[in-house]
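my_file35.tsv follows (TSV, C-alpha atoms and all ligand atoms):
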```tsv
chain	number	residue	atom	x	y	z
A	4	MET	CA	2.58	-9.71	-14.51
A	5	LYS	CA	5.24	-11.50	-12.53
A	6	ARG	CA	5.76	-9.29	-9.49
A	7	VAL	CA	3.39	-6.68	-8.06
A	8	LEU	CA	3.45	-4.30	-5.13
A	9	LEU	CA	0.02	-3.90	-3.54
A	10	LYS	CA	-0.56	-0.80	-1.43
A	11	LEU	CA	-3.41	-0.96	1.08
A	12	SER	CA	-4.40	2.11	3.03
A	13	GLY	CA	-4.56	1.64	6.79
A	14	GLU	CA	-8.17	2.80	6.80
A	15	ALA	CA	-9.10	0.08	4.32
A	16	LEU	CA	-8.26	-2.47	7.03
A	17	ALA	CA	-10.64	-0.83	9.46
A	18	GLY	CA	-13.74	-1.28	7.30
A	19	GLU	CA	-16.79	0.65	8.55
A	20	LYS	CA	-15.15	1.23	11.93
A	21	HIS	CA	-12.51	3.57	10.38
A	22	THR	CA	-10.06	2.68	13.17
A	23	GLY	CA	-8.23	-0.48	14.23
A	24	PHE	CA	-8.83	-3.71	12.30
A	25	ASP	CA	-11.91	-5.22	10.72
A	26	GLU	CA	-11.10	-8.91	10.52
A	27	ALA	CA	-13.77	-9.70	7.89
A	28	THR	CA	-12.34	-7.03	5.55
A	29	CYS	CA	-8.79	-8.32	6.05
A	30	LEU	CA	-9.87	-11.93	5.46
A	31	GLN	CA	-11.49	-10.88	2.20
A	32	VAL	CA	-8.22	-9.24	1.10
A	33	ALA	CA	-6.35	-12.40	2.16
A	34	GLU	CA	-8.57	-14.68	0.06
A	35	GLN	CA	-7.99	-12.49	-2.98
A	36	VAL	CA	-4.22	-12.27	-2.52
A	37	LYS	CA	-4.15	-16.06	-2.09
A	38	GLN	CA	-5.81	-16.49	-5.49
A	39	VAL	CA	-3.28	-14.11	-7.04
A	40	CYS	CA	-0.33	-15.93	-5.43
A	41	ASP	CA	-1.69	-19.34	-6.42
A	42	SER	CA	-1.72	-18.13	-10.04
A	43	GLY	CA	2.06	-17.60	-9.77
A	44	VAL	CA	2.23	-13.83	-9.25
A	45	GLN	CA	4.73	-12.63	-6.63
A	46	VAL	CA	3.08	-10.23	-4.18
A	47	ALA	CA	4.73	-7.57	-2.03
A	48	ILE	CA	2.61	-5.41	0.27
A	49	VAL	CA	2.85	-1.94	1.83
A	50	ILE	CA	0.19	-0.88	4.33
A	51	GLY	CA	-0.54	2.66	5.55
A	52	GLY	CA	-1.03	3.56	9.19
A	53	GLY	CA	-4.04	5.86	9.12
A	54	ASN	CA	-6.28	3.42	11.02
A	55	PHE	CA	-4.10	4.13	14.08
A	56	TRP	CA	-1.98	7.24	13.65
A	57	ARG	CA	-0.64	9.76	11.16
A	58	GLY	CA	2.26	12.16	11.61
A	59	ARG	CA	-0.21	15.03	11.36
A	60	THR	CA	-2.63	13.51	13.92
A	61	SER	CA	-1.23	15.78	16.66
A	62	ASN	CA	-0.06	19.40	16.40
A	63	ASN	CA	1.27	19.36	19.92
A	64	ILE	CA	4.09	16.85	19.74
A	65	ASP	CA	7.32	16.86	17.79
A	66	ARG	CA	6.77	15.87	14.13
A	67	THR	CA	9.65	13.40	14.02
A	68	LYS	CA	8.28	11.58	17.08
A	69	SER	CA	4.78	11.71	15.66
A	70	ASP	CA	6.01	10.18	12.40
A	71	GLN	CA	7.80	7.46	14.36
A	72	ILE	CA	4.45	6.54	15.95
A	73	GLY	CA	2.97	6.45	12.43
A	74	MET	CA	5.73	4.12	11.24
A	75	LEU	CA	5.13	1.82	14.21
A	76	ALA	CA	1.41	1.81	13.33
A	77	THR	CA	2.33	0.40	9.92
A	78	VAL	CA	4.36	-2.34	11.65
A	79	MET	CA	1.30	-3.34	13.71
A	80	ASN	CA	-0.78	-3.40	10.53
A	81	CYS	CA	1.71	-5.57	8.67
A	82	ILE	CA	2.09	-8.07	11.54
A	83	TYR	CA	-1.69	-8.35	11.82
A	84	VAL	CA	-2.38	-8.71	8.10
A	85	SER	CA	0.54	-11.10	7.71
A	86	GLU	CA	-1.03	-13.36	10.38
A	87	ILE	CA	-4.46	-13.13	8.71
A	88	PHE	CA	-2.77	-14.18	5.45
A	89	ARG	CA	-1.15	-17.13	7.22
A	90	SER	CA	-4.54	-18.16	8.61
A	91	VAL	CA	-5.75	-18.77	5.05
A	92	GLY	CA	-2.63	-20.73	4.09
A	93	MET	CA	-0.13	-18.22	2.69
A	94	LYS	CA	3.54	-17.97	3.65
A	95	THR	CA	4.51	-14.44	4.73
A	96	LYS	CA	7.48	-12.37	5.86
A	97	VAL	CA	7.53	-8.91	7.43
A	98	PHE	CA	10.49	-6.63	6.72
A	99	THR	CA	11.25	-3.31	8.42
A	100	PRO	CA	13.90	-0.67	7.60
A	101	PHE	CA	14.96	-0.60	11.29
A	102	THR	CA	15.64	-3.42	13.75
A	103	MET	CA	12.54	-4.77	15.48
A	104	GLY	CA	14.19	-7.62	17.39
A	105	PRO	CA	12.16	-10.81	17.02
A	106	MET	CA	9.16	-9.05	15.46
A	107	ALA	CA	10.38	-8.49	11.91
A	108	GLU	CA	13.42	-8.89	9.71
A	109	MET	CA	15.64	-6.05	8.53
A	110	PHE	CA	14.86	-5.14	4.91
A	111	THR	CA	17.40	-5.80	2.20
A	112	LYS	CA	16.61	-6.05	-1.48
A	113	ASP	CA	18.21	-9.47	-1.74
A	114	ALA	CA	16.29	-10.96	1.20
A	115	ALA	CA	13.00	-9.52	-0.07
A	116	VAL	CA	13.51	-10.78	-3.63
A	117	GLU	CA	14.51	-14.21	-2.31
A	118	CYS	CA	11.21	-14.41	-0.39
A	119	LEU	CA	9.18	-13.24	-3.38
A	120	GLU	CA	10.82	-15.81	-5.64
A	121	LYS	CA	9.80	-18.52	-3.14
A	122	GLY	CA	6.17	-17.38	-3.31
A	123	VAL	CA	6.26	-15.76	0.15
A	124	VAL	CA	4.02	-12.70	0.50
A	125	THR	CA	6.46	-10.01	1.51
A	126	PHE	CA	5.39	-7.06	3.70
A	127	PHE	CA	7.35	-3.81	3.83
A	128	ALA	CA	6.45	-2.41	7.25
A	129	GLY	CA	7.76	0.70	9.01
A	130	GLY	CA	7.68	2.97	5.97
A	131	THR	CA	11.03	4.23	4.73
A	132	GLY	CA	12.23	4.42	8.33
A	133	HIS	CA	12.44	8.21	8.06
A	134	PRO	CA	10.09	10.96	9.23
A	135	TYR	CA	8.51	13.38	6.75
A	136	PHE	CA	7.91	10.52	4.31
A	137	SER	CA	4.76	8.46	3.78
A	138	THR	CA	3.78	4.93	2.90
A	139	ASP	CA	3.14	6.25	-0.63
A	140	THR	CA	6.84	7.04	-0.85
A	141	THR	CA	7.63	3.66	0.68
A	142	THR	CA	5.45	1.99	-1.96
A	143	THR	CA	7.25	3.66	-4.85
A	144	LEU	CA	10.71	3.19	-3.36
A	145	ARG	CA	10.22	-0.52	-2.64
A	146	ALA	CA	8.46	-1.15	-5.98
A	147	VAL	CA	11.44	0.33	-7.79
A	148	GLU	CA	13.95	-1.52	-5.60
A	149	ILE	CA	12.36	-4.95	-6.01
A	150	GLU	CA	11.77	-4.26	-9.73
A	151	ALA	CA	8.00	-4.76	-9.48
A	152	ASP	CA	6.09	-4.75	-12.76
A	153	VAL	CA	3.36	-2.51	-11.38
A	154	ILE	CA	2.04	-0.80	-8.27
A	155	LEU	CA	-1.53	-1.82	-7.40
A	156	LEU	CA	-3.03	1.07	-5.47
A	157	ALA	CA	-6.13	-0.16	-3.62
A	158	LYS	CA	-8.05	2.89	-2.40
A	159	ALA	CA	-11.34	3.87	-0.83
A	160	VAL	CA	-12.39	5.36	-4.22
A	161	ASP	CA	-12.50	3.24	-7.39
A	162	GLY	CA	-9.99	5.19	-9.53
A	163	VAL	CA	-8.60	8.63	-10.31
A	164	TYR	CA	-11.15	11.46	-10.73
A	165	ASP	CA	-10.74	15.03	-11.98
A	166	SER	CA	-12.16	16.22	-8.63
A	167	ASP	CA	-13.21	14.58	-5.38
A	168	PRO	CA	-16.22	12.35	-6.19
A	169	LYS	CA	-17.38	12.55	-2.56
A	170	VAL	CA	-17.67	16.33	-2.88
A	171	ASN	CA	-18.53	16.70	-6.60
A	172	PRO	CA	-21.11	14.21	-7.94
A	173	GLU	CA	-20.16	15.34	-11.50
A	174	ALA	CA	-16.51	14.28	-11.02
A	175	LYS	CA	-15.17	12.41	-14.04
A	176	LYS	CA	-13.18	9.18	-13.65
A	177	TYR	CA	-10.15	8.65	-15.87
A	178	ASP	CA	-9.55	5.23	-17.48
A	179	GLU	CA	-5.95	6.24	-18.13
A	180	ILE	CA	-3.93	9.25	-17.05
A	181	PRO	CA	-0.21	10.10	-17.37
A	182	ILE	CA	1.49	10.56	-14.01
A	183	GLN	CA	2.69	14.01	-15.20
A	184	GLN	CA	-0.98	15.10	-15.38
A	185	VAL	CA	-1.63	13.68	-11.91
A	186	ILE	CA	1.28	15.83	-10.68
A	187	ASP	CA	0.30	18.97	-12.65
A	188	GLN	CA	-3.35	18.81	-11.55
A	189	LYS	CA	-2.45	17.73	-7.99
A	190	LEU	CA	-5.00	14.92	-8.27
A	191	GLY	CA	-3.91	13.41	-4.96
A	192	VAL	CA	-3.53	9.79	-6.09
A	193	MET	CA	-0.26	9.56	-4.22
A	194	ASP	CA	1.66	12.33	-2.53
A	195	LEU	CA	3.91	14.47	-4.72
A	196	THR	CA	7.22	12.92	-3.65
A	197	ALA	CA	5.92	9.43	-4.47
A	198	SER	CA	4.34	10.54	-7.77
A	199	ILE	CA	7.54	12.18	-8.98
A	200	MET	CA	9.53	9.09	-8.04
A	201	CYS	CA	7.09	6.94	-10.01
A	202	MET	CA	7.46	9.22	-13.02
A	203	GLU	CA	11.26	9.32	-12.88
A	204	ASN	CA	11.47	5.54	-12.66
A	205	LYS	CA	8.67	4.83	-15.15
A	206	MET	CA	6.84	2.70	-12.59
A	207	PRO	CA	3.29	1.94	-13.81
A	208	MET	CA	0.38	2.15	-11.41
A	209	MET	CA	-3.15	0.77	-11.38
A	210	VAL	CA	-5.62	2.50	-9.07
A	211	PHE	CA	-8.83	0.77	-8.03
A	212	GLY	CA	-11.37	0.54	-5.20
A	213	LEU	CA	-10.59	-2.03	-2.52
A	214	ASN	CA	-14.30	-2.18	-1.65
A	215	GLU	CA	-15.31	-3.25	-5.19
A	216	GLU	CA	-15.99	-6.98	-5.17
A	217	ASN	CA	-12.95	-9.10	-6.02
A	218	SER	CA	-11.10	-6.01	-7.24
A	219	ILE	CA	-7.55	-7.24	-6.57
A	220	VAL	CA	-8.10	-10.46	-8.52
A	221	ASN	CA	-10.04	-8.70	-11.30
A	222	THR	CA	-7.29	-6.10	-11.71
A	223	LEU	CA	-4.74	-8.82	-12.40
A	224	LYS	CA	-7.05	-10.92	-14.57
A	225	GLY	CA	-7.76	-8.18	-17.10
A	226	LYS	CA	-11.17	-7.19	-15.66
A	227	PHE	CA	-9.77	-3.88	-14.50
A	228	SER	CA	-12.22	-1.03	-13.98
A	229	GLY	CA	-10.04	1.57	-12.23
A	230	THR	CA	-7.46	4.02	-13.61
A	231	LYS	CA	-4.04	3.20	-15.03
B	1	LIG	N1	5.52	7.60	8.07
B	1	LIG	C1	6.78	8.18	8.11
B	1	LIG	N2	7.71	7.78	7.19
B	1	LIG	C2	7.47	6.84	6.26
B	1	LIG	C3	6.18	6.26	6.20
B	1	LIG	C4	5.23	6.66	7.13
B	1	LIG	O1	7.05	9.03	8.93
B	1	LIG	O2	8.38	6.52	5.47
B	1	LIG	C5	4.53	7.97	9.11
B	1	LIG	C6	3.83	9.29	8.84
B	1	LIG	O3	3.65	9.91	10.11
B	1	LIG	C7	2.47	8.86	8.28
B	1	LIG	C8	2.22	7.61	9.07
B	1	LIG	O4	3.50	6.99	9.18
B	1	LIG	O5	1.49	9.84	8.50
B	1	LIG	C9	1.26	6.63	8.45
B	1	LIG	O6	1.58	6.42	7.08
B	1	LIG	P1	0.55	6.73	5.93
B	1	LIG	O7	1.27	6.79	4.66
B	1	LIG	O8	-0.63	5.84	6.07
B	1	LIG	O9	0.05	8.15	6.31
B	1	LIG	P2	-0.65	9.27	5.48
B	1	LIG	O10	-0.09	9.27	4.09
B	1	LIG	O11	-2.11	8.90	5.48
B	1	LIG	O12	-0.30	10.44	6.30
```
Do you think you could lay out the structure here as structure tokens?
Ligand code: UDP
Amino acid sequence: MKRVLLKLSGEALAGEKHTGFDEATCLQVAEQVKQVCDSGVQVAIVIGGGNFWRGRTSNNIDRTKSDQIGMLATVMNCIYVSEIFRSVGMKTKVFTPFTMGPMAEMFTKDAAVECLEKGVVTFFAGGTGHPYFSTDTTTTLRAVEIEADVILLAKAVDGVYDSDPKVNPEAKKYDEIPIQQVIDQKLGVMDLTASIMCMENKMPMMVFGLNEENSIVNTLKGKFSGTK
């Protein structure tokens, strides 16, 4: 694989704390991404915002404003993780779909691809820039735009199951599943908008557990144990 888009959930950055950042967890991700980059793979990253805020966190405020807070949470996450990546020796760039002054650069396909081709880890912060969307949608949209070979979906669970493994101990994990089945059975891998976009654009996806040891590196080195 030449170019991948890695999606990290916001909560994954928080580790056991479930909120804010857990530096040890982020450093571990950084070391893995560095190995992947050093092997010549171009890495783009989308990060969720759930460790700080989600649009549905409050029922009392306007949804558009609430989603804007969520998008800003993803910007904080990307700036933080980008700096952690730099601390282990990677070059990084944070793009947003709206102006952020000196904090990030405005996203364009050309600028993002130029960075990727130079081996710069490229973060897509701020979601799509629009309310009522998610970072799942951002992941699919940007993966398609930058012509990524695959989406790497690093989750709290280690693949796609036929029911929630936290609730049903008998839940069965799929090794492979067509995205149409994910949609039909509402398996909740990604939200519906993002799943349909993946299907329409034939964007492959590999789902695995971020907490499994060395899972990002293993996924790209053929030792994949999640769902594709
Ligand atoms: N968000 C948005 N538009 C986007 C991407 C994200 O409004 O294009 C907001 C939305 O409020 C979301 C929050 O940012 O809840 C955090 O994103 P994430 O995808 O982590 O949220 P989740 O899918 O967990 O709700």
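Taking atom O1 of ligand LIG 1 (chain B) as the reference point, atom CA of A:Ser137 is found at 5.7 Å.
Those residues that approach A:Phe110 to within 7 Å, counting all atoms listed in the file, are Phe98, Thr99 and Pro100 of chain A; same-chain residues fewer than 6 positions away are not listed.
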Output, as JSON, the centre and edge lengths in Å (one decimal) of the axis-aligned box that contains all listed atoms of ligand LIG 1 (chain B) with 4 Å of margin on each side.
```
{"center_x": 3.1, "center_y": 8.1, "center_z": 7.1, "size_x": 18.5, "size_y": 12.6, "size_z": 14.0}
```
Report as JSON lines: every residue of chain A with an atom at most 9 Å from ligand LIG 1 (chain B), its closest pair of atoms, and their distance in Å to one decimal, counting all atoms listed in the file, with rows sorted by chain and ascending residue number.
```
{"residue": "A:Leu11", "atom": "CA", "partner": "B:LIG1", "partner_atom": "O8", "distance": 8.9}
{"residue": "A:Ser12", "atom": "CA", "partner": "B:LIG1", "partner_atom": "O8", "distance": 6.1}
{"residue": "A:Gly13", "atom": "CA", "partner": "B:LIG1", "partner_atom": "O8", "distance": 5.8}
{"residue": "A:Glu14", "atom": "CA", "partner": "B:LIG1", "partner_atom": "O8", "distance": 8.2}
{"residue": "A:Ile50", "atom": "CA", "partner": "B:LIG1", "partner_atom": "O8", "distance": 7.0}
{"residue": "A:Gly51", "atom": "CA", "partner": "B:LIG1", "partner_atom": "O8", "distance": 3.2}
{"residue": "A:Gly52", "atom": "CA", "partner": "B:LIG1", "partner_atom": "O8", "distance": 3.9}
{"residue": "A:Gly53", "atom": "CA", "partner": "B:LIG1", "partner_atom": "O8", "distance": 4.6}
{"residue": "A:Asn54", "atom": "CA", "partner": "B:LIG1", "partner_atom": "O8", "distance": 7.9}
{"residue": "A:Phe55", "atom": "CA", "partner": "B:LIG1", "partner_atom": "C9", "distance": 8.2}
{"residue": "A:Trp56", "atom": "CA", "partner": "B:LIG1", "partner_atom": "C9", "distance": 6.2}
{"residue": "A:Arg57", "atom": "CA", "partner": "B:LIG1", "partner_atom": "O5", "distance": 3.4}
{"residue": "A:Gly58", "atom": "CA", "partner": "B:LIG1", "partner_atom": "O3", "distance": 3.0}
{"residue": "A:Arg59", "atom": "CA", "partner": "B:LIG1", "partner_atom": "O5", "distance": 6.2}
{"residue": "A:Thr60", "atom": "CA", "partner": "B:LIG1", "partner_atom": "O5", "distance": 7.7}
{"residue": "A:Arg66", "atom": "CA", "partner": "B:LIG1", "partner_atom": "O3", "distance": 7.8}
{"residue": "A:Thr67", "atom": "CA", "partner": "B:LIG1", "partner_atom": "O1", "distance": 7.2}
{"residue": "A:Lys68", "atom": "CA", "partner": "B:LIG1", "partner_atom": "O3", "distance": 8.5}
{"residue": "A:Ser69", "atom": "CA", "partner": "B:LIG1", "partner_atom": "O3", "distance": 5.9}
{"residue": "A:Asp70", "atom": "CA", "partner": "B:LIG1", "partner_atom": "O3", "distance": 3.3}
{"residue": "A:Gln71", "atom": "CA", "partner": "B:LIG1", "partner_atom": "O1", "distance": 5.7}
{"residue": "A:Ile72", "atom": "CA", "partner": "B:LIG1", "partner_atom": "O3", "distance": 6.8}
{"residue": "A:Gly73", "atom": "CA", "partner": "B:LIG1", "partner_atom": "O4", "distance": 3.3}
{"residue": "A:Met74", "atom": "CA", "partner": "B:LIG1", "partner_atom": "O4", "distance": 4.2}
{"residue": "A:Leu75", "atom": "CA", "partner": "B:LIG1", "partner_atom": "O4", "distance": 7.4}
{"residue": "A:Ala76", "atom": "CA", "partner": "B:LIG1", "partner_atom": "C9", "distance": 6.9}
{"residue": "A:Thr77", "atom": "CA", "partner": "B:LIG1", "partner_atom": "C9", "distance": 6.5}
{"residue": "A:Ala128", "atom": "CA", "partner": "B:LIG1", "partner_atom": "C3", "distance": 8.7}
{"residue": "A:Gly129", "atom": "CA", "partner": "B:LIG1", "partner_atom": "C3", "distance": 6.4}
{"residue": "A:Gly130", "atom": "CA", "partner": "B:LIG1", "partner_atom": "C3", "distance": 3.6}
{"residue": "A:Thr131", "atom": "CA", "partner": "B:LIG1", "partner_atom": "O2", "distance": 3.6}
{"residue": "A:Gly132", "atom": "CA", "partner": "B:LIG1", "partner_atom": "O2", "distance": 5.2}
{"residue": "A:His133", "atom": "CA", "partner": "B:LIG1", "partner_atom": "N2", "distance": 4.8}
{"residue": "A:Pro134", "atom": "CA", "partner": "B:LIG1", "partner_atom": "O1", "distance": 3.6}
{"residue": "A:Tyr135", "atom": "CA", "partner": "B:LIG1", "partner_atom": "O1", "distance": 5.1}
{"residue": "A:Phe136", "atom": "CA", "partner": "B:LIG1", "partner_atom": "N2", "distance": 4.0}
{"residue": "A:Ser137", "atom": "CA", "partner": "B:LIG1", "partner_atom": "C3", "distance": 3.6}
{"residue": "A:Thr138", "atom": "CA", "partner": "B:LIG1", "partner_atom": "O7", "distance": 3.6}
{"residue": "A:Asp139", "atom": "CA", "partner": "B:LIG1", "partner_atom": "O7", "distance": 5.6}
{"residue": "A:Thr140", "atom": "CA", "partner": "B:LIG1", "partner_atom": "O2", "distance": 6.5}
{"residue": "A:Thr141", "atom": "CA", "partner": "B:LIG1", "partner_atom": "O2", "distance": 5.6}
{"residue": "A:Met193", "atom": "CA", "partner": "B:LIG1", "partner_atom": "O10", "distance": 8.3}
{"residue": "A:Asp194", "atom": "CA", "partner": "B:LIG1", "partner_atom": "O10", "distance": 7.5}
```
For A:Asp113, find every residue with an atom within 12 Å (counting all atoms listed in the file), except residues of its own chain fewer than 6 positions away, and show them as an MDAnalysis selection string. chainID A and resid 98 119:120 148:150
Closest of A:Cys81, A:Glu108, A:Gln35, A:Gly122 to A:Arg6, counting only C-alpha atoms, is A:Gly122
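Interatomic distance, atom CA of A:Ala33 to atom CA of A:Gly229: 20.4 Å.
Take atom CA of A:Ser166 and atom CA of A:Ala15: the distance between them is 20.9 Å.
Here the question is which of A:Gly18, A:Pro168, A:Pro207, A:Pro105 gets nearest to A:Gln31 using all atoms listed in the file, and that residue is A:Gly18.
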Contacts of A:Thr230 within 6 Å, all atoms listed in the file, excl. fewer than 5 positions in-chain, as a list in words: Gly162, Val163, Tyr177, Asp178, Glu179, Met209 and Val210 of chain A
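Minimum atom-to-atom distances from A:Gly23, A:Pro172, A:Pro181, A:Gly191 to A:Tyr83 were compared using all atoms listed in the file, and the lowest value belongs to A:Gly23.
Minimum distance to A:Met4 across A:Val44, A:Val78, A:Lys158, A:Val147 (counting all atoms listed in the file) occurs at A:Val44.
Among A:Asn171, A:Thr143, A:Thr95, A:Gln183, the residue with the shortest atom-to-atom distance to A:Met208, counting all atoms listed in the file, is A:Thr143.
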All residues 8 Å or closer to A:Glu215, all atoms listed in the file, same chain fewer than 3 positions away omitted, as JSON, numbers by chain: {"A": [161, 212, 218]}
Skipping near chain neighbours, those fewer than 2 positions away, what residues fall within 8 Å of A:Leu9 using all atoms listed in the file, listed as a short mmCIF file (atom, residue, chain, number, x, y, z; two decimals) with C-alpha atoms, keeping the file's coordinate frame?
```cif
data_model
loop_
_atom_site.label_atom_id
_atom_site.label_comp_id
_atom_site.auth_asym_id
_atom_site.auth_seq_id
_atom_site.Cartn_x
_atom_site.Cartn_y
_atom_site.Cartn_z
CA VAL A 7 3.39 -6.68 -8.06
CA LEU A 11 -3.41 -0.96 1.08
CA VAL A 46 3.08 -10.23 -4.18
CA ALA A 47 4.73 -7.57 -2.03
CA ILE A 48 2.61 -5.41 0.27
CA VAL A 49 2.85 -1.94 1.83
CA ILE A 154 2.04 -0.80 -8.27
CA LEU A 155 -1.53 -1.82 -7.40
CA LEU A 156 -3.03 1.07 -5.47
CA ALA A 157 -6.13 -0.16 -3.62
#
```
Smallest atom-to-atom distance to A:Ile180: which of A:Phe88, A:Asn214, A:Lys231, A:Arg145, using all atoms listed in the file? A:Lys231
